[in-house]
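Visitor: Input structure: start_28.cif, which contains mmCIF, C-alpha atoms and all ligand atoms.
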data_coords
loop_
_atom_site.group_PDB
_atom_site.id
_atom_site.type_symbol
_atom_site.label_atom_id
_atom_site.label_comp_id
_atom_site.auth_asym_id
_atom_site.auth_seq_id
_atom_site.Cartn_x
_atom_site.Cartn_y
_atom_site.Cartn_z
ATOM 1 C CA MET A 235 16.358 64.302 -53.651
ATOM 2 C CA PRO A 236 15.634 60.590 -54.047
ATOM 3 C CA ILE A 237 18.720 58.431 -54.432
ATOM 4 C CA THR A 238 19.087 57.328 -58.051
ATOM 5 C CA VAL A 239 20.724 53.982 -58.733
ATOM 6 C CA GLY A 240 21.435 52.166 -61.977
ATOM 7 C CA THR A 241 22.360 48.633 -60.967
ATOM 8 C CA LYS A 242 20.378 45.728 -59.529
ATOM 9 C CA ALA A 243 22.914 45.350 -56.696
ATOM 10 C CA GLU A 244 22.515 49.013 -55.680
ATOM 11 C CA LEU A 245 18.729 48.715 -55.903
ATOM 12 C CA ARG A 246 18.752 45.744 -53.543
ATOM 13 C CA SER A 247 21.147 47.296 -51.041
ATOM 14 C CA GLU A 248 19.338 50.670 -51.020
ATOM 15 C CA ILE A 249 15.942 49.030 -50.511
ATOM 16 C CA ALA A 250 17.375 46.915 -47.682
ATOM 17 C CA ARG A 251 18.871 50.043 -46.098
ATOM 18 C CA LEU A 252 15.637 52.045 -46.384
ATOM 19 C CA MET A 253 13.582 49.153 -44.995
ATOM 20 C CA GLU A 254 15.965 48.830 -42.061
ATOM 21 C CA GLU A 255 15.827 52.566 -41.451
ATOM 22 C CA HIS A 256 12.021 52.553 -41.372
ATOM 23 C CA ALA A 257 11.891 49.423 -39.224
ATOM 24 C CA GLY A 258 14.127 51.325 -36.788
ATOM 25 C CA ARG A 259 11.698 54.253 -36.751
ATOM 26 C CA ARG A 260 8.808 51.900 -36.063
ATOM 27 C CA GLY A 261 10.573 50.299 -33.096
ATOM 28 C CA GLY A 262 12.879 47.871 -34.879
ATOM 29 C CA GLY A 263 11.109 44.735 -33.670
ATOM 30 C CA ALA A 264 11.171 43.122 -37.096
ATOM 31 C CA SER A 265 14.889 43.289 -37.711
ATOM 32 C CA LEU A 266 15.616 42.114 -34.169
ATOM 33 C CA GLY A 267 13.050 39.323 -34.368
ATOM 34 C CA LEU A 268 11.054 40.757 -31.454
ATOM 35 C CA GLY A 269 7.308 40.983 -30.883
ATOM 36 C CA ASP A 270 4.716 41.350 -33.635
ATOM 37 C CA ALA A 271 7.011 41.495 -36.647
ATOM 38 C CA SER A 272 4.377 42.648 -39.165
ATOM 39 C CA ALA A 273 3.490 45.663 -36.988
ATOM 40 C CA ALA A 274 7.109 46.798 -37.127
ATOM 41 C CA ARG A 275 7.820 45.884 -40.735
ATOM 42 C CA PRO A 276 7.598 48.775 -43.184
ATOM 43 C CA SER A 277 5.438 48.644 -46.308
ATOM 44 C CA LEU A 278 7.065 48.960 -49.725
ATOM 45 C CA GLY A 279 5.597 50.568 -52.846
ATOM 46 C CA LEU A 280 6.938 50.144 -56.372
ATOM 47 C CA VAL A 281 5.894 52.364 -59.283
ATOM 48 C CA PRO A 282 7.159 50.947 -62.589
ATOM 49 C CA THR A 283 7.435 53.629 -65.307
ATOM 50 C CA MET A 284 9.234 54.302 -68.555
ATOM 51 C CA GLY A 285 9.966 57.893 -67.553
ATOM 52 C CA ALA A 286 8.876 61.066 -69.426
ATOM 53 C CA LEU A 287 6.695 61.549 -66.372
ATOM 54 C CA HIS A 288 3.506 63.644 -66.500
ATOM 55 C CA ASP A 289 0.669 64.331 -64.071
ATOM 56 C CA GLY A 290 -0.731 60.836 -64.622
ATOM 57 C CA HIS A 291 2.536 59.383 -63.250
ATOM 58 C CA ARG A 292 2.497 61.990 -60.505
ATOM 59 C CA SER A 293 -0.786 60.530 -59.242
ATOM 60 C CA LEU A 294 0.758 57.018 -59.200
ATOM 61 C CA ALA A 295 3.756 58.190 -57.186
ATOM 62 C CA GLU A 296 1.566 60.263 -54.849
ATOM 63 C CA ALA A 297 -0.700 57.265 -54.199
ATOM 64 C CA ALA A 298 2.380 55.128 -53.464
ATOM 65 C CA VAL A 299 3.912 57.730 -51.129
ATOM 66 C CA ALA A 300 0.610 58.176 -49.272
ATOM 67 C CA ALA A 301 0.226 54.441 -48.587
ATOM 68 C CA ASN A 302 3.771 53.118 -48.063
ATOM 69 C CA ASP A 303 6.801 53.691 -45.846
ATOM 70 C CA VAL A 304 9.334 53.160 -48.627
ATOM 71 C CA VAL A 305 8.662 54.030 -52.282
ATOM 72 C CA VAL A 306 10.740 53.069 -55.304
ATOM 73 C CA VAL A 307 10.065 54.341 -58.820
ATOM 74 C CA SER A 308 11.678 52.528 -61.718
ATOM 75 C CA ILE A 309 12.426 54.372 -64.948
ATOM 76 C CA PHE A 310 13.258 52.005 -67.755
ATOM 77 C CA VAL A 311 12.318 52.208 -71.425
ATOM 78 C CA ASN A 312 11.802 48.504 -71.954
ATOM 79 C CA PRO A 313 12.812 47.424 -75.477
ATOM 80 C CA LEU A 314 10.873 44.157 -75.179
ATOM 81 C CA GLN A 315 7.513 45.913 -75.341
ATOM 82 C CA PHE A 316 8.208 47.954 -78.501
ATOM 83 C CA GLY A 317 7.395 46.398 -81.870
ATOM 84 C CA ASP A 318 8.922 49.203 -83.907
ATOM 85 C CA PRO A 319 12.620 50.055 -83.294
ATOM 86 C CA GLU A 320 11.937 53.664 -84.394
ATOM 87 C CA ASP A 321 9.269 54.046 -81.682
ATOM 88 C CA LEU A 322 11.802 52.800 -79.142
ATOM 89 C CA GLU A 323 14.416 55.235 -80.420
ATOM 90 C CA ARG A 324 11.977 58.171 -80.382
ATOM 91 C CA TYR A 325 10.645 57.478 -76.876
ATOM 92 C CA PRO A 326 11.444 60.600 -74.768
ATOM 93 C CA ARG A 327 14.164 60.182 -72.115
ATOM 94 C CA THR A 328 14.003 62.960 -69.506
ATOM 95 C CA LEU A 329 15.686 61.487 -66.428
ATOM 96 C CA GLU A 330 16.724 64.754 -64.785
ATOM 97 C CA ALA A 331 13.220 66.285 -64.969
ATOM 98 C CA ASP A 332 11.680 62.957 -63.867
ATOM 99 C CA VAL A 333 13.880 62.774 -60.766
ATOM 100 C CA ALA A 334 13.039 66.407 -59.893
ATOM 101 C CA LEU A 335 9.301 65.617 -60.115
ATOM 102 C CA LEU A 336 9.709 62.506 -57.948
ATOM 103 C CA ASP A 337 11.687 64.556 -55.431
ATOM 104 C CA SER A 338 8.766 66.979 -55.058
ATOM 105 C CA ILE A 339 6.498 64.017 -54.211
ATOM 106 C CA GLY A 340 8.784 62.437 -51.611
ATOM 107 C CA VAL A 341 9.847 59.259 -53.447
ATOM 108 C CA ASP A 342 12.777 57.538 -51.676
ATOM 109 C CA LEU A 343 14.561 55.756 -54.478
ATOM 110 C CA VAL A 344 14.745 55.842 -58.291
ATOM 111 C CA PHE A 345 15.936 52.788 -60.205
ATOM 112 C CA ALA A 346 17.077 53.806 -63.696
ATOM 113 C CA PRO A 347 19.014 50.882 -65.165
ATOM 114 C CA SER A 348 20.554 50.580 -68.628
ATOM 115 C CA VAL A 349 19.290 47.980 -71.095
ATOM 116 C CA GLU A 350 22.518 46.000 -70.525
ATOM 117 C CA GLU A 351 21.905 45.982 -66.774
ATOM 118 C CA MET A 352 18.356 44.672 -67.172
ATOM 119 C CA TYR A 353 19.125 42.214 -69.975
ATOM 120 C CA PRO A 354 22.843 41.393 -69.644
ATOM 121 C CA GLY A 355 22.618 38.431 -72.009
ATOM 122 C CA GLY A 356 20.753 40.388 -74.688
ATOM 123 C CA ASP A 357 17.044 39.796 -75.273
ATOM 124 C CA PRO A 358 15.867 37.172 -72.763
ATOM 125 C CA LEU A 359 15.089 33.747 -74.232
ATOM 126 C CA VAL A 360 12.577 32.944 -71.504
ATOM 127 C CA ARG A 361 9.679 35.378 -71.150
ATOM 128 C CA VAL A 362 6.371 35.655 -69.369
ATOM 129 C CA THR A 363 3.527 35.269 -71.835
ATOM 130 C CA ALA A 364 0.247 37.041 -71.318
ATOM 131 C CA GLY A 365 -1.848 34.420 -73.150
ATOM 132 C CA PRO A 366 -5.356 35.038 -74.481
ATOM 133 C CA LEU A 367 -5.870 38.231 -72.449
ATOM 134 C CA ALA A 368 -3.317 39.869 -74.737
ATOM 135 C CA GLU A 369 -4.831 38.775 -78.020
ATOM 136 C CA LYS A 370 -7.446 41.492 -78.331
ATOM 137 C CA TRP A 371 -7.869 45.264 -77.981
ATOM 138 C CA GLU A 372 -4.399 46.790 -77.565
ATOM 139 C CA GLY A 373 -2.753 43.390 -77.961
ATOM 140 C CA ALA A 374 -4.314 42.925 -81.406
ATOM 141 C CA SER A 375 -2.467 45.929 -82.801
ATOM 142 C CA ARG A 376 0.733 45.358 -80.793
ATOM 143 C CA PRO A 377 1.741 41.681 -81.032
ATOM 144 C CA GLY A 378 4.182 40.697 -78.254
ATOM 145 C CA HIS A 379 3.706 43.995 -76.388
ATOM 146 C CA PHE A 380 2.124 42.537 -73.265
ATOM 147 C CA ASP A 381 4.648 39.670 -73.084
ATOM 148 C CA GLY A 382 7.343 42.352 -73.010
ATOM 149 C CA VAL A 383 5.482 44.241 -70.284
ATOM 150 C CA LEU A 384 4.992 41.143 -68.117
ATOM 151 C CA THR A 385 8.592 40.038 -68.527
ATOM 152 C CA VAL A 386 9.981 43.368 -67.315
ATOM 153 C CA VAL A 387 7.331 43.800 -64.604
ATOM 154 C CA SER A 388 8.051 40.354 -63.184
ATOM 155 C CA LYS A 389 11.791 41.150 -63.165
ATOM 156 C CA LEU A 390 11.079 44.435 -61.356
ATOM 157 C CA PHE A 391 8.917 42.630 -58.781
ATOM 158 C CA HIS A 392 11.734 40.148 -58.091
ATOM 159 C CA LEU A 393 14.357 42.870 -57.919
ATOM 160 C CA ALA A 394 12.413 45.186 -55.606
ATOM 161 C CA LEU A 395 11.077 42.611 -53.163
ATOM 162 C CA PRO A 396 13.722 42.294 -50.442
ATOM 163 C CA GLY A 397 14.850 38.809 -49.456
ATOM 164 C CA PRO A 398 14.319 37.449 -45.929
ATOM 165 C CA ALA A 399 17.778 38.640 -44.814
ATOM 166 C CA ALA A 400 16.821 42.270 -45.494
ATOM 167 C CA GLY A 401 13.392 41.818 -43.880
ATOM 168 C CA ARG A 402 10.281 41.279 -45.963
ATOM 169 C CA PRO A 403 7.956 44.288 -46.150
ATOM 170 C CA ALA A 404 4.646 44.086 -44.282
ATOM 171 C CA VAL A 405 3.057 44.565 -47.701
ATOM 172 C CA PHE A 406 4.505 45.021 -51.166
ATOM 173 C CA ARG A 407 2.337 47.139 -53.461
ATOM 174 C CA ALA A 408 2.843 47.952 -57.130
ATOM 175 C CA TYR A 409 1.114 50.888 -58.809
ATOM 176 C CA PHE A 410 -0.179 51.025 -62.387
ATOM 177 C CA GLY A 411 -2.267 53.626 -64.192
ATOM 178 C CA GLN A 412 -5.839 52.557 -64.884
ATOM 179 C CA LYS A 413 -5.536 54.372 -68.214
ATOM 180 C CA ASP A 414 -3.826 51.212 -69.502
ATOM 181 C CA ALA A 415 -6.714 49.078 -68.270
ATOM 182 C CA GLN A 416 -5.655 46.022 -70.250
ATOM 183 C CA GLN A 417 -2.136 46.222 -68.806
ATOM 184 C CA VAL A 418 -3.557 46.400 -65.259
ATOM 185 C CA ALA A 419 -5.871 43.413 -65.898
ATOM 186 C CA ILE A 420 -3.003 41.354 -67.345
ATOM 187 C CA VAL A 421 -0.574 42.235 -64.523
ATOM 188 C CA ARG A 422 -3.265 41.331 -61.949
ATOM 189 C CA ARG A 423 -3.761 38.014 -63.705
ATOM 190 C CA MET A 424 -0.005 37.315 -63.736
ATOM 191 C CA VAL A 425 0.196 38.054 -60.004
ATOM 192 C CA LYS A 426 -2.718 35.686 -59.367
ATOM 193 C CA ASP A 427 -1.628 32.899 -61.712
ATOM 194 C CA LEU A 428 2.065 32.982 -60.739
ATOM 195 C CA ASP A 429 1.618 33.755 -57.007
ATOM 196 C CA PHE A 430 3.612 36.959 -56.819
ATOM 197 C CA PRO A 431 3.418 38.361 -53.250
ATOM 198 C CA VAL A 432 2.329 41.724 -54.635
ATOM 199 C CA GLU A 433 -0.791 43.822 -54.176
ATOM 200 C CA VAL A 434 -1.552 45.471 -57.519
ATOM 201 C CA VAL A 435 -3.057 48.947 -57.175
ATOM 202 C CA GLY A 436 -4.793 50.469 -60.203
ATOM 203 C CA VAL A 437 -4.731 54.265 -59.946
ATOM 204 C CA PRO A 438 -7.652 56.126 -61.594
ATOM 205 C CA ILE A 439 -7.131 58.044 -64.842
ATOM 206 C CA VAL A 440 -6.171 61.693 -64.518
ATOM 207 C CA ARG A 441 -8.079 63.917 -66.960
ATOM 208 C CA ALA A 442 -7.445 67.439 -68.211
ATOM 209 C CA GLU A 443 -10.209 69.942 -67.440
ATOM 210 C CA ASP A 444 -11.755 69.332 -70.871
ATOM 211 C CA GLY A 445 -12.019 65.585 -70.119
ATOM 212 C CA LEU A 446 -9.101 64.287 -72.218
ATOM 213 C CA ALA A 447 -7.240 61.481 -70.434
ATOM 214 C CA LEU A 448 -3.632 62.533 -69.776
ATOM 215 C CA SER A 449 -1.111 60.772 -71.977
ATOM 216 C CA SER A 450 2.379 61.539 -73.185
ATOM 217 C CA ARG A 451 0.909 61.253 -76.717
ATOM 218 C CA ASN A 452 -1.402 64.272 -76.230
ATOM 219 C CA GLN A 453 1.548 66.555 -76.997
ATOM 220 C CA PHE A 454 1.374 65.359 -80.624
ATOM 221 C CA LEU A 455 -2.240 66.610 -81.049
ATOM 222 C CA ASP A 456 -2.758 70.048 -82.605
ATOM 223 C CA GLU A 457 -5.615 72.243 -81.351
ATOM 224 C CA GLN A 458 -8.134 70.847 -83.834
ATOM 225 C CA ASP A 459 -7.163 67.221 -83.120
ATOM 226 C CA ARG A 460 -7.407 67.808 -79.418
ATOM 227 C CA GLU A 461 -10.920 69.246 -79.786
ATOM 228 C CA ALA A 462 -11.902 66.239 -81.909
ATOM 229 C CA ALA A 463 -10.385 63.810 -79.376
ATOM 230 C CA LEU A 464 -12.805 64.987 -76.695
ATOM 231 C CA VAL A 465 -15.495 62.865 -78.333
ATOM 232 C CA LEU A 466 -13.845 59.799 -76.768
ATOM 233 C CA SER A 467 -14.422 60.877 -73.174
ATOM 234 C CA ARG A 468 -17.909 62.162 -74.144
ATOM 235 C CA ALA A 469 -18.810 58.712 -75.476
ATOM 236 C CA LEU A 470 -17.489 57.053 -72.299
ATOM 237 C CA ARG A 471 -19.436 59.486 -70.130
ATOM 238 C CA LEU A 472 -22.614 58.648 -72.044
ATOM 239 C CA MET A 473 -22.160 54.993 -70.999
ATOM 240 C CA ASP A 474 -21.334 56.053 -67.442
ATOM 241 C CA GLU A 475 -24.539 58.099 -67.159
ATOM 242 C CA ARG A 476 -26.666 55.249 -68.498
ATOM 243 C CA ALA A 477 -24.976 52.701 -66.215
ATOM 244 C CA ALA A 478 -25.460 54.940 -63.189
ATOM 245 C CA ALA A 479 -29.156 55.319 -64.062
ATOM 246 C CA ARG A 480 -29.480 51.518 -64.625
ATOM 247 C CA GLU A 481 -30.616 52.101 -68.204
ATOM 248 C CA PRO A 482 -29.693 49.843 -71.153
ATOM 249 C CA LEU A 483 -26.223 51.016 -72.257
ATOM 250 C CA GLU A 484 -26.825 50.921 -76.019
ATOM 251 C CA PRO A 485 -23.090 51.085 -76.876
ATOM 252 C CA ASP A 486 -24.018 51.604 -80.545
ATOM 253 C CA ASP A 487 -24.960 55.185 -79.599
ATOM 254 C CA ALA A 488 -21.422 55.785 -78.309
ATOM 255 C CA VAL A 489 -19.997 54.289 -81.507
ATOM 256 C CA ALA A 490 -22.248 56.516 -83.627
ATOM 257 C CA LEU A 491 -21.213 59.578 -81.618
ATOM 258 C CA ILE A 492 -17.514 58.859 -82.197
ATOM 259 C CA LYS A 493 -18.018 58.060 -85.881
ATOM 260 C CA SER A 494 -19.879 61.351 -86.369
ATOM 261 C CA GLN A 495 -16.781 63.298 -85.288
ATOM 262 C CA PRO A 496 -14.614 64.334 -88.269
ATOM 263 C CA GLY A 497 -10.909 63.582 -87.823
ATOM 264 C CA VAL A 498 -11.469 60.595 -85.528
ATOM 265 C CA ASP A 499 -10.834 57.105 -86.854
ATOM 266 C CA LEU A 500 -12.347 54.590 -84.406
ATOM 267 C CA ASP A 501 -10.441 51.365 -83.796
ATOM 268 C CA TYR A 502 -12.721 49.846 -81.119
ATOM 269 C CA PHE A 503 -15.353 50.818 -78.580
ATOM 270 C CA GLU A 504 -16.631 48.057 -76.310
ATOM 271 C CA VAL A 505 -18.161 47.433 -72.916
ATOM 272 C CA VAL A 506 -16.251 44.589 -71.239
ATOM 273 C CA ASP A 507 -15.839 42.660 -68.028
ATOM 274 C CA PRO A 508 -13.050 44.505 -66.131
ATOM 275 C CA ASP A 509 -11.199 41.260 -65.239
ATOM 276 C CA THR A 510 -11.504 39.122 -68.357
ATOM 277 C CA LEU A 511 -11.830 42.010 -70.860
ATOM 278 C CA GLU A 512 -14.478 39.931 -72.648
ATOM 279 C CA PRO A 513 -17.506 41.826 -74.005
ATOM 280 C CA LEU A 514 -20.362 41.755 -71.491
ATOM 281 C CA ALA A 515 -22.272 38.523 -71.592
ATOM 282 C CA PHE A 516 -25.666 40.164 -71.177
ATOM 283 C CA ASN A 517 -27.508 42.164 -73.794
ATOM 284 C CA CYS A 518 -26.484 45.825 -73.287
ATOM 285 C CA ARG A 519 -29.085 46.940 -75.790
ATOM 286 C CA GLU A 520 -32.381 46.056 -74.152
ATOM 287 C CA THR A 521 -31.479 44.917 -70.653
ATOM 288 C CA PRO A 522 -31.207 47.554 -67.881
ATOM 289 C CA PHE A 523 -27.615 47.784 -66.646
ATOM 290 C CA THR A 524 -26.711 46.257 -63.286
ATOM 291 C CA GLY A 525 -23.353 45.495 -61.650
ATOM 292 C CA GLU A 526 -20.010 46.724 -62.950
ATOM 293 C CA ALA A 527 -18.253 46.911 -66.296
ATOM 294 C CA LEU A 528 -15.572 48.805 -68.154
ATOM 295 C CA ALA A 529 -16.092 50.847 -71.322
ATOM 296 C CA ILE A 530 -12.934 50.897 -73.466
ATOM 297 C CA VAL A 531 -12.066 52.850 -76.569
ATOM 298 C CA ALA A 532 -9.156 53.297 -78.982
ATOM 299 C CA ALA A 533 -9.029 55.664 -81.955
ATOM 300 C CA ARG A 534 -6.606 57.512 -84.190
ATOM 301 C CA VAL A 535 -6.886 61.268 -84.041
ATOM 302 C CA GLY A 536 -4.668 63.261 -86.401
ATOM 303 C CA GLY A 537 -2.433 60.210 -86.776
ATOM 304 C CA VAL A 538 -2.062 59.763 -82.994
ATOM 305 C CA ARG A 539 -3.448 56.572 -81.455
ATOM 306 C CA LEU A 540 -5.337 57.358 -78.254
ATOM 307 C CA ILE A 541 -6.870 54.991 -75.708
ATOM 308 C CA ASP A 542 -9.283 55.738 -72.894
ATOM 309 C CA ASN A 543 -11.672 53.866 -70.613
ATOM 310 C CA MET A 544 -14.203 54.392 -67.846
ATOM 311 C CA PRO A 545 -15.417 52.051 -65.115
ATOM 312 C CA LEU A 546 -19.218 51.709 -65.189
ATOM 313 C CA ALA A 547 -21.287 51.003 -62.101
ATOM 314 C CA ALA A 548 -25.035 50.926 -61.478
ATOM 315 C CA ARG A 549 -25.718 53.332 -58.667
HETATM 316 O O1 LIG B 1 3.033 51.415 -68.339
HETATM 317 C C1 LIG B 1 4.262 51.514 -68.552
HETATM 318 O O2 LIG B 1 4.857 52.582 -68.523
HETATM 319 C C2 LIG B 1 5.060 50.248 -68.881
HETATM 320 O O3 LIG B 1 4.308 49.359 -69.634
HETATM 321 C C3 LIG B 1 5.626 49.552 -67.625
HETATM 322 C C4 LIG B 1 4.527 49.030 -66.731
HETATM 323 C C5 LIG B 1 6.515 50.517 -66.861
HETATM 324 C C6 LIG B 1 6.492 48.359 -68.033
HETATM 325 O O4 LIG B 1 7.563 48.740 -68.816
#
Could I get this structure in the form of structure tokens?
Guide:
Amino acid sequence: MPITVGTKAELRSEIARLMEEHAGRRGGGASLGLGDASAARPSLGLVPTMGALHDGHRSLAEAAVAANDVVVVSIFVNPLQFGDPEDLERYPRTLEADVALLDSIGVDLVFAPSVEEMYPGGDPLVRVTAGPLAEKWEGASRPGHFDGVLTVVSKLFHLALPGPAAGRPAVFRAYFGQKDAQQVAIVRRMVKDLDFPVEVVGVPIVRAEDGLALSSRNQFLDEQDREAALVLSRALRLMDERAAAREPLEPDDAVALIKSQPGVDLDYFEVVDPDTLEPLAFNCRETPFTGEALAIVAARVGGVRLIDNMPLAAR
């Protein structure tokens, strides 16, 4: 079983202990100040989550365990990123099942703090703001959401990264699901703009056999809604096929496909630059596709808001 801790002090001391333990296994040169320190220093992976873990989270934790010596998963339902207090209240909390899942993957440490532990003075006055990247797509329907995400993610980065006394990791990686493509782009931008010593790893979307992107919200879809929701991944695949064949993308065809599906209320469908999330500068209608892009979509299906995306690459 991974060790589960609830305080920042325990998180720091457990990470320091695990790092020391792994440095010992690798020859201990780093902690003793001998030889090539980076060769002996363990790598550290952090997987920030809000719990209620499903197979999408499993792939994040598995990727972290495969690439790092020490892996920490945080489970914290962050009030700062919820606009609606009822949504926050309703968010599933399943710590015991989450820890059991993480145990089966080989995670070392779970950090599951209370709200008081994370924000002892109440809501923080100073926050990290996501700026213009957060003004559109998901940000447009969830004002303040990405500021809340960045504020908690930056706290988690600071808390998990051991200080020099404990021995810096050879590399510190943080894992995020590519399903929330805008979140990944914004976190990458924060890391770049604010010089966090973190390598951000975007882990590809996990899909059910029928193509639906895994999400904790899928449980709220009835059979008919779920069938209708498949149009989203079909529309993305249409763009993928055209991009691969270097054809003009014609995103209007994807929009028409989605709009033709009863029970699906389209919010947006767009082909964007994966870093800036701006619509592609070139004409997707007549010009053959070259390079890389990201197709993004959001829609309401049976009252449930779903998002999905697909990286596009000319092959
Ligand atoms: O993607 C999530 O679950 C959350 O936004 C995150 C990154 C854990 C921050 O609370």
Visitor: Skip range 307-311 of chain A itself and residues of its chain fewer than 5 positions away, then list as number ranges by chain all residues within 9 Å of it, counting all atoms listed in the file.
Guide: A: 279-286, 295, 322, 325, 327, 329, 332, 336, 341-349, 352, 390
Visitor: Please, what distance in Å, to one decimal, runs between CA of His291 in chain A and CA of Ala404 in chain A?
Guide: 24.5 Å
Visitor: Need the shell around Met253 in chain A: protein/DNA/RNA residues with any atom at most 10 Å away, counting only C-alpha atoms. Skip same-chain ones fewer than 4 positions apart. Format as a list in words?
Guide: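 Selected residues are Ser247, Glu248, Ile249, Ala257, Gly258, Arg259, Ser265, Arg275, Pro276, Ser277, Leu278, Asp303, Val304, Pro396, Ala400, Gly401, Arg402 and Pro403 of chain A.
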Visitor: If I take CA of Leu252 in chain A and CA of Met424 in chain A, how far is one from the other in Å, to one decimal?
Guide: 27.6 Å
Visitor: Would you kindly return, as a list in words, each protein, DNA or RNA residue with an atom no farther than 12 Å from any atom of Val535 in chain A, considering all atoms listed in the file and excluding same-chain residues fewer than 4 positions away?
Guide: Arg451, Asn452, Phe454, Leu455, Asp456, Glu457, Gln458, Asp459, Arg460, Glu461, Ala462, Ala463, Leu464, Val465, Leu466, Ile492, Lys493, Gln495, Pro496, Gly497, Val498, Asp499, Leu500, Asp501, Arg539, Leu540 and Ile541 of chain A
Visitor: What is the CA of Val360 in chain A to CA of Pro398 in chain A distance in Å?
Guide: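 We find that CA of Val360 in chain A and CA of Pro398 in chain A lie 26.0 Å from each other.
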Visitor: The PyMOL selection byres (((chain A and resi 508) around 12) and not hetatm) - which residues does that actually catch in the file I just gave you? List them as a ChimeraX atom specification.
Guide: /A:367,412,414-420,422-423,436,504-507,509-514,525-530,543-547
Visitor: Counting all atoms listed in the file, which residue out of A:Val437, A:Ala334, A:Leu428, A:Ala533 sits closest to Ser467 in chain A?
Guide: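 Answer, going by the shortest atom-to-atom distance: A:Ala533.
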Visitor: Run the PyMOL selection byres (((chain A and resi 442) around 12) and not hetatm) against the file shown and list the residues it catches, as number ranges by chain.
Guide: A: 288-290, 439-441, 443-449, 452, 460, 464, 467
Visitor: Write the selection just made, keeping C-alpha atoms, as a PDB file, in the coordinates of the input?
Guide:
ATOM      1  CA  HIS A 288       3.506  63.644 -66.500  1.00  0.00           C
ATOM      2  CA  ASP A 289       0.669  64.331 -64.071  1.00  0.00           C
ATOM      3  CA  GLY A 290      -0.731  60.836 -64.622  1.00  0.00           C
ATOM      4  CA  ILE A 439      -7.131  58.044 -64.842  1.00  0.00           C
ATOM      5  CA  VAL A 440      -6.171  61.693 -64.518  1.00  0.00           C
ATOM      6  CA  ARG A 441      -8.079  63.917 -66.960  1.00  0.00           C
ATOM      7  CA  GLU A 443     -10.209  69.942 -67.440  1.00  0.00           C
ATOM      8  CA  ASP A 444     -11.755  69.332 -70.871  1.00  0.00           C
ATOM      9  CA  GLY A 445     -12.019  65.585 -70.119  1.00  0.00           C
ATOM     10  CA  LEU A 446      -9.101  64.287 -72.218  1.00  0.00           C
ATOM     11  CA  ALA A 447      -7.240  61.481 -70.434  1.00  0.00           C
ATOM     12  CA  LEU A 448      -3.632  62.533 -69.776  1.00  0.00           C
ATOM     13  CA  SER A 449      -1.111  60.772 -71.977  1.00  0.00           C
ATOM     14  CA  ASN A 452      -1.402  64.272 -76.230  1.00  0.00           C
ATOM     15  CA  ARG A 460      -7.407  67.808 -79.418  1.00  0.00           C
ATOM     16  CA  LEU A 464     -12.805  64.987 -76.695  1.00  0.00           C
ATOM     17  CA  SER A 467     -14.422  60.877 -73.174  1.00  0.00           C
TER      18      SER A 467
END
Visitor: Starting from the displayed file, determine the output of the PyMOL selection byres (((chain A and resi 477) around 9) and not hetatm) and express the residue list as a PyMOL selection string.
Guide: chain A and resi 472-476+478-483+522-527+546-549
Visitor: Give the answer as one residue: which of A:Gly411, A:Pro485, A:Gly240, A:Gly317 has the shortest atom-to-atom distance to ligand LIG 1 (chain B), using only C-alpha atoms and all ligand atoms?
Guide: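 Selected residue with least distance to ligand LIG 1 (chain B): A:Gly411.
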Visitor: Have a look at A:Asp381, A:Glu244, A:Glu433, A:Asp337 and name the one nearest to ligand LIG 1 (chain B); count all atoms listed in the file.
Guide: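 So, comparing all the options, the nearest one is A:Asp381.
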Visitor: Draw an axis-aligned box over all listed atoms of ligand LIG 1 (chain B), pad each side with 8 Å, and write its centre and edge lengths in Å, one decimal, as lines of an AutoDock Vina configuration file.
Guide:
center_x = 5.3
center_y = 50.5
center_z = -68.2
size_x = 20.5
size_y = 20.2
size_z = 18.9
